[in-house]
file work_12.cif (mmCIF, C-alpha atoms)
data_run
#
loop_
_atom_site.group_PDB
_atom_site.id
_atom_site.type_symbol
_atom_site.label_atom_id
_atom_site.label_comp_id
_atom_site.auth_asym_id
_atom_site.auth_seq_id
_atom_site.Cartn_x
_atom_site.Cartn_y
_atom_site.Cartn_z
ATOM 1 C CA MET A 14 0.000 0.000 0.000
ATOM 2 C CA PHE A 15 2.785 2.383 0.978
ATOM 3 C CA HIS A 16 4.692 1.543 -2.204
ATOM 4 C CA ARG A 17 1.630 2.244 -4.382
ATOM 5 C CA ARG A 18 1.166 5.673 -2.806
ATOM 6 C CA TRP A 19 4.721 6.623 -3.663
ATOM 7 C CA VAL A 20 4.268 5.371 -7.226
ATOM 8 C CA ARG A 21 1.071 7.426 -7.644
ATOM 9 C CA ALA A 22 2.728 10.508 -6.139
ATOM 10 C CA LEU A 23 5.739 10.124 -8.425
ATOM 11 C CA ALA A 24 3.489 9.636 -11.458
ATOM 12 C CA ALA A 25 1.508 12.759 -10.555
ATOM 13 C CA LEU A 26 4.743 14.730 -10.186
ATOM 14 C CA VAL A 27 6.044 13.551 -13.561
ATOM 15 C CA ALA A 28 2.712 14.370 -15.214
ATOM 16 C CA SER A 29 2.704 17.847 -13.645
ATOM 17 C CA LEU A 30 6.249 18.535 -14.805
ATOM 18 C CA ALA A 31 5.427 17.299 -18.299
ATOM 19 C CA PHE A 32 2.324 19.505 -18.399
ATOM 20 C CA ALA A 33 4.268 22.555 -17.203
ATOM 21 C CA GLY A 34 7.056 21.823 -19.685
ATOM 22 C CA GLY A 35 4.564 21.574 -22.523
ATOM 23 C CA MET A 36 2.955 24.876 -21.576
ATOM 24 C CA LYS A 37 6.391 26.495 -21.360
ATOM 25 C CA ALA A 38 7.413 25.140 -24.750
ATOM 26 C CA LEU A 39 4.215 26.477 -26.322
ATOM 27 C CA GLY A 40 4.621 29.857 -24.648
ATOM 28 C CA LEU A 41 1.437 29.429 -22.631
ATOM 29 C CA MET A 42 3.236 30.028 -19.337
ATOM 30 C CA ASP A 43 4.473 33.396 -20.577
ATOM 31 C CA LEU A 44 0.999 34.357 -21.791
ATOM 32 C CA ALA A 45 -0.490 33.340 -18.448
ATOM 33 C CA ASP A 46 2.100 35.479 -16.653
ATOM 34 C CA LEU A 47 1.258 38.457 -18.874
ATOM 35 C CA GLY A 48 -2.443 37.949 -18.203
ATOM 36 C CA ILE A 49 -1.850 37.978 -14.444
ATOM 37 C CA TYR A 50 0.249 41.138 -14.798
ATOM 38 C CA ASP A 51 -2.436 42.872 -16.883
ATOM 39 C CA GLY A 52 -5.070 41.990 -14.297
ATOM 40 C CA ALA A 53 -2.951 43.480 -11.514
ATOM 41 C CA VAL A 54 -2.423 46.662 -13.551
ATOM 42 C CA ARG A 55 -6.163 47.055 -14.172
ATOM 43 C CA ARG A 56 -6.984 46.576 -10.495
ATOM 44 C CA ASN A 57 -4.350 49.108 -9.501
ATOM 45 C CA ALA A 58 -5.583 51.607 -12.106
ATOM 46 C CA SER A 59 -9.162 51.179 -10.887
ATOM 47 C CA ARG A 60 -8.034 51.860 -7.328
ATOM 48 C CA LEU A 61 -6.106 54.983 -8.328
ATOM 49 C CA GLU A 62 -9.113 56.377 -10.215
ATOM 50 C CA LYS A 63 -11.109 56.360 -6.984
ATOM 51 C CA GLU A 64 -8.461 58.254 -5.030
ATOM 52 C CA PRO A 65 -8.681 62.070 -4.848
ATOM 53 C CA ALA A 66 -6.468 63.983 -7.253
ATOM 54 C CA VAL A 67 -3.190 65.204 -5.795
ATOM 55 C CA GLU A 68 -1.873 68.623 -6.760
ATOM 56 C CA ASP A 69 1.891 68.547 -6.582
ATOM 57 C CA GLU A 70 4.215 70.857 -8.491
ATOM 58 C CA LYS A 71 6.793 68.063 -8.570
ATOM 59 C CA LEU A 72 4.529 65.766 -10.581
ATOM 60 C CA PRO A 73 4.839 65.825 -14.390
ATOM 61 C CA LEU A 74 2.311 67.879 -16.343
ATOM 62 C CA LEU A 75 0.979 66.145 -19.452
ATOM 63 C CA VAL A 76 -0.076 68.279 -22.415
ATOM 64 C CA LEU A 77 -2.055 66.080 -24.803
ATOM 65 C CA VAL A 78 -2.816 66.852 -28.426
ATOM 66 C CA ASP A 79 -6.228 65.205 -28.700
ATOM 67 C CA GLN A 80 -9.253 65.601 -30.939
ATOM 68 C CA TYR A 81 -10.473 68.557 -28.878
ATOM 69 C CA SER A 82 -7.122 70.291 -29.475
ATOM 70 C CA LEU A 83 -7.272 69.613 -33.212
ATOM 71 C CA THR A 84 -10.833 70.946 -33.442
ATOM 72 C CA TRP A 85 -10.098 74.057 -31.346
ATOM 73 C CA VAL A 86 -7.045 75.022 -33.396
ATOM 74 C CA GLN A 87 -8.955 74.418 -36.634
ATOM 75 C CA GLU A 88 -11.921 76.556 -35.563
ATOM 76 C CA ASN A 89 -10.026 79.352 -33.801
ATOM 77 C CA LEU A 90 -6.733 79.563 -35.680
ATOM 78 C CA GLY A 91 -7.741 78.116 -39.029
ATOM 79 C CA LEU A 92 -4.925 75.569 -38.920
ATOM 80 C CA SER A 93 -5.443 71.926 -39.844
ATOM 81 C CA TRP A 94 -3.229 68.990 -38.923
ATOM 82 C CA PRO A 95 -0.266 68.821 -39.167
ATOM 83 C CA TRP A 96 0.236 72.106 -37.360
ATOM 84 C CA PRO A 97 3.006 74.543 -38.236
ATOM 85 C CA ARG A 98 5.994 73.662 -36.084
ATOM 86 C CA GLU A 99 6.166 77.262 -34.994
ATOM 87 C CA LEU A 100 3.287 76.351 -32.641
ATOM 88 C CA TYR A 101 5.578 73.896 -30.836
ATOM 89 C CA GLY A 102 8.087 76.704 -30.574
ATOM 90 C CA LEU A 103 5.429 78.828 -28.867
ATOM 91 C CA MET A 104 4.781 75.952 -26.450
ATOM 92 C CA ALA A 105 8.503 75.725 -25.735
ATOM 93 C CA GLY A 106 8.591 79.410 -24.867
ATOM 94 C CA PHE A 107 5.546 79.056 -22.603
ATOM 95 C CA PHE A 108 7.146 76.179 -20.650
ATOM 96 C CA ASN A 109 10.646 77.640 -20.486
ATOM 97 C CA GLN A 110 10.521 77.815 -16.673
ATOM 98 C CA ALA A 111 10.005 74.060 -16.275
ATOM 99 C CA LYS A 112 12.941 71.870 -15.278
ATOM 100 C CA VAL A 113 12.526 70.044 -18.566
ATOM 101 C CA GLN A 114 9.934 69.767 -21.326
ATOM 102 C CA VAL A 115 9.697 66.606 -23.404
ATOM 103 C CA TYR A 116 8.125 66.228 -26.846
ATOM 104 C CA ASP A 117 7.156 62.630 -27.604
ATOM 105 C CA ILE A 118 6.713 63.371 -31.284
ATOM 106 C CA LEU A 119 9.026 62.670 -34.210
ATOM 107 C CA PHE A 120 10.056 65.470 -36.551
ATOM 108 C CA THR A 121 11.741 63.465 -39.302
ATOM 109 C CA GLU A 122 10.844 65.464 -42.410
ATOM 110 C CA THR A 123 10.847 69.115 -43.372
ATOM 111 C CA SER A 124 7.736 70.985 -42.247
ATOM 112 C CA PRO A 125 4.929 71.193 -44.837
ATOM 113 C CA TYR A 126 5.109 74.951 -44.194
ATOM 114 C CA GLY A 127 8.722 75.078 -45.344
ATOM 115 C CA PRO A 128 12.206 75.127 -43.774
ATOM 116 C CA GLU A 129 11.563 78.612 -42.379
ATOM 117 C CA ASP A 130 8.926 77.054 -40.119
ATOM 118 C CA ASP A 131 11.504 74.532 -38.864
ATOM 119 C CA ALA A 132 13.984 77.343 -38.243
ATOM 120 C CA ARG A 133 11.502 79.364 -36.167
ATOM 121 C CA CYS A 134 10.599 76.280 -34.117
ATOM 122 C CA ALA A 135 14.252 75.415 -33.491
ATOM 123 C CA GLN A 136 15.106 78.978 -32.506
ATOM 124 C CA ALA A 137 12.336 79.031 -29.886
ATOM 125 C CA MET A 138 13.295 75.608 -28.497
ATOM 126 C CA ASP A 139 16.957 76.582 -28.282
ATOM 127 C CA ALA A 140 15.995 79.761 -26.451
ATOM 128 C CA ALA A 141 13.902 77.780 -23.951
ATOM 129 C CA GLY A 142 16.987 75.729 -23.092
ATOM 130 C CA ASN A 143 15.129 72.795 -21.532
ATOM 131 C CA VAL A 144 13.754 70.851 -24.509
ATOM 132 C CA VAL A 145 14.108 67.106 -25.112
ATOM 133 C CA LEU A 146 12.816 65.592 -28.355
ATOM 134 C CA ALA A 147 12.086 62.061 -29.489
ATOM 135 C CA GLU A 148 14.516 60.945 -32.157
ATOM 136 C CA ALA A 149 14.597 58.517 -35.050
ATOM 137 C CA ARG A 150 17.741 57.423 -36.858
ATOM 138 C CA ASN A 151 18.457 56.360 -40.397
ATOM 139 C CA PRO A 152 18.767 52.541 -40.312
ATOM 140 C CA ARG A 153 21.445 52.631 -43.016
ATOM 141 C CA ASP A 154 23.990 55.048 -41.575
ATOM 142 C CA GLY A 155 22.664 55.819 -38.078
ATOM 143 C CA THR A 156 22.333 59.560 -38.655
ATOM 144 C CA ARG A 157 19.601 61.402 -36.789
ATOM 145 C CA LEU A 158 16.505 62.185 -38.845
ATOM 146 C CA SER A 159 15.700 65.735 -37.788
ATOM 147 C CA PRO A 160 15.159 68.774 -40.024
ATOM 148 C CA LEU A 161 15.189 71.123 -37.025
ATOM 149 C CA PRO A 162 18.485 73.078 -36.847
ATOM 150 C CA LEU A 163 18.740 72.715 -33.064
ATOM 151 C CA ARG A 164 21.834 73.661 -31.066
ATOM 152 C CA ASN A 165 20.579 73.598 -27.486
ATOM 153 C CA ALA A 166 18.257 70.592 -27.206
ATOM 154 C CA SER A 167 18.561 66.933 -26.217
ATOM 155 C CA PHE A 168 17.284 63.796 -27.933
ATOM 156 C CA GLY A 169 16.165 60.371 -26.736
ATOM 157 C CA GLY A 170 15.035 57.154 -28.364
ATOM 158 C CA VAL A 171 11.459 55.874 -28.347
ATOM 159 C CA LYS A 172 11.951 52.286 -29.471
ATOM 160 C CA ALA A 173 9.098 50.041 -28.328
ATOM 161 C CA ILE A 174 9.559 46.527 -26.931
ATOM 162 C CA LEU A 175 6.694 44.209 -27.853
ATOM 163 C CA ASP A 176 5.725 41.154 -25.828
ATOM 164 C CA ARG A 177 4.639 37.948 -27.549
ATOM 165 C CA ASP A 178 1.031 39.108 -27.695
ATOM 166 C CA GLY A 179 1.953 42.386 -29.401
ATOM 167 C CA VAL A 180 1.423 44.578 -26.317
ATOM 168 C CA VAL A 181 4.054 47.011 -25.006
ATOM 169 C CA ARG A 182 4.690 46.393 -21.305
ATOM 170 C CA ASN A 183 8.433 46.987 -21.132
ATOM 171 C CA TYR A 184 10.485 50.105 -21.602
ATOM 172 C CA GLY A 185 14.032 50.112 -22.900
ATOM 173 C CA VAL A 186 16.147 52.714 -21.131
ATOM 174 C CA ARG A 187 18.801 52.564 -23.837
ATOM 175 C CA ASP A 188 19.529 51.531 -27.395
ATOM 176 C CA PHE A 189 22.813 51.033 -29.203
ATOM 177 C CA GLN A 190 24.241 52.817 -32.224
ATOM 178 C CA ASP A 191 27.541 51.421 -33.516
ATOM 179 C CA GLY A 192 28.061 49.807 -30.127
ATOM 180 C CA ILE A 193 27.531 53.079 -28.253
ATOM 181 C CA PRO A 194 24.632 53.183 -25.749
ATOM 182 C CA MET A 195 22.084 55.876 -26.588
ATOM 183 C CA PRO A 196 19.613 57.179 -23.977
ATOM 184 C CA SER A 197 15.889 56.685 -24.181
ATOM 185 C CA LEU A 198 13.589 59.701 -24.159
ATOM 186 C CA ALA A 199 12.962 59.268 -20.425
ATOM 187 C CA VAL A 200 16.666 59.007 -19.563
ATOM 188 C CA ALA A 201 17.467 62.020 -21.747
ATOM 189 C CA ALA A 202 14.743 63.982 -19.937
ATOM 190 C CA LEU A 203 16.117 63.052 -16.506
ATOM 191 C CA ARG A 204 19.604 64.071 -17.563
ATOM 192 C CA ARG A 205 18.392 67.383 -18.963
ATOM 193 C CA ALA A 206 16.573 68.048 -15.695
ATOM 194 C CA GLY A 207 19.746 67.314 -13.740
ATOM 195 C CA GLU A 208 18.231 64.361 -11.918
ATOM 196 C CA ALA A 209 20.567 61.865 -10.307
ATOM 197 C CA GLY A 210 20.226 58.194 -11.129
ATOM 198 C CA ALA A 211 19.691 58.592 -14.883
ATOM 199 C CA ASP A 212 21.818 55.503 -15.488
ATOM 200 C CA ILE A 213 21.993 54.530 -19.143
ATOM 201 C CA ASP A 214 23.534 51.180 -18.185
ATOM 202 C CA ALA A 215 20.405 50.083 -16.339
ATOM 203 C CA LYS A 216 18.581 47.028 -17.626
ATOM 204 C CA VAL A 217 15.216 47.036 -19.362
ATOM 205 C CA HIS A 218 12.512 47.324 -16.721
ATOM 206 C CA ARG A 219 8.906 46.221 -16.803
ATOM 207 C CA ARG A 220 6.641 49.179 -16.365
ATOM 208 C CA VAL A 221 4.858 49.388 -13.023
ATOM 209 C CA PHE A 222 1.629 51.386 -12.893
ATOM 210 C CA ARG A 223 1.675 52.738 -9.376
ATOM 211 C CA PRO A 224 2.936 55.904 -7.620
#
call {"tool": "encode", "arguments": {"input": "work_12.cif", "output": "structure tokens"}}
result
Amino acid sequence: MFHRRWVRALAALVASLAFAGGMKALGLMDLADLGIYDGAVRRNASRLEKEPAVEDEKLPLLVLVDQYSLTWVQENLGLSWPWPRELYGLMAGFFNQAKVQVYDILFTETSPYGPEDDARCAQAMDAAGNVVLAEARNPRDGTRLSPLPLRNASFGGVKAILDRDGVVRNYGVRDFQDGIPMPSLAVAALRRAGEAGADIDAKVHRRVFRP
């Protein structure tokens, strides 16, 4: 009787290991882990929505270009999308007292309003002295794709890291160009703001949605 119990226990253990190994080989374990993570993020987000808003000058201020913004500018300024880049220069001047202002938008081609528009935008951003822009690079030679003649601005990468299900949950703090580590947009912003701990050698971290 005792021997049979051990045989059944051993058989159950082998079957469990085989089942887990099969799920791992098929990627089901990873998908299950991602599902658990997503559930935790949703619960945390739901909890934060119920908490009272906190006004803190140290917290980042997000300026979103949404459909309301597009409609307002169209109706009041007569400008359709894409906007003249001079508008971003005006924003840069308005936020010139911030520790840093970050533009998560790629300017890779000359403005539809002409190179003079790019020049006016760059002049205003240089004058602000605290601007960080998202950058894209030519895959052939690694040169930065930016028509803005900037002299006093920083750049950071915005390369996404996709999980197996096509969702972005991880953030790369660095990329490499010819073997040289290049900062991400977030790291470049921290450096421009003079924050300590903006370590470009840090590993890729999973994003955590909590204060």
call {"tool": "residues_around", "arguments": {"input": "work_12.cif", "residues": "region 164-179 of chain A", "least_positions_apart": "2", "cutoff": "6 Å", "atoms": "all atoms listed in the file", "output": "PyMOL selection string"}}
result
chain A and resi 139+144-148+181+183+196-198+201
call {"tool": "closest_residue", "arguments": {"input": "work_12.cif", "among": "A:Arg187, A:Arg182, A:Lys71, A:Arg98", "to": "Tyr50 (chain A)", "atoms": "only C-alpha atoms"}}
result
A:Arg182
call {"tool": "atom_distance", "arguments": {"input": "work_12.cif", "atom1": "CA of Pro128 (chain A)", "atom2": "CA of Glu99 (chain A)"}}
result
10.9 Å
call {"tool": "resolve_selection", "arguments": {"input": "work_12.cif", "expression": "the PyMOL selection byres ((chain A and resi 161) around 12)", "output": "number ranges by chain"}}
result
A: 98-99, 101-102, 119-124, 127-139, 146, 148, 157-160, 162-166, 168
call {"tool": "closest_residue", "arguments": {"input": "work_12.cif", "among": "A:Ala45, A:Met104, A:Ala111, A:Ile193", "to": "Val76 (chain A)", "atoms": "all atoms listed in the file"}}
result
A:Met104
call {"tool": "closest_residue", "arguments": {"input": "work_12.cif", "among": "A:Leu103, A:Leu92, A:Val113, A:Val78", "to": "Arg205 (chain A)", "atoms": "only C-alpha atoms"}}
result
A:Val113
call {"tool": "closest_residue", "arguments": {"input": "work_12.cif", "among": "A:Lys63, A:Arg150, A:Lys112, A:Arg56", "to": "Asp188 (chain A)", "atoms": "only C-alpha atoms"}}
result
A:Arg150
call {"tool": "atom_distance", "arguments": {"input": "work_12.cif", "atom1": "CA of Phe108 (chain A)", "atom2": "CA of Leu74 (chain A)"}}
result
10.5 Å
call {"tool": "atom_distance", "arguments": {"input": "work_12.cif", "atom1": "CA of Pro95 (chain A)", "atom2": "CA of Pro125 (chain A)"}}
result
8.0 Å
call {"tool": "axis_aligned_box", "arguments": {"input": "work_12.cif", "around": "region 190-204 of chain A", "padding_each_side": "5 Å", "output": "lines of an AutoDock Vina configuration file"}}
result
center_x = 20.5
center_y = 56.9
center_z = -25.0
size_x = 25.1
size_y = 24.3
size_z = 27.0
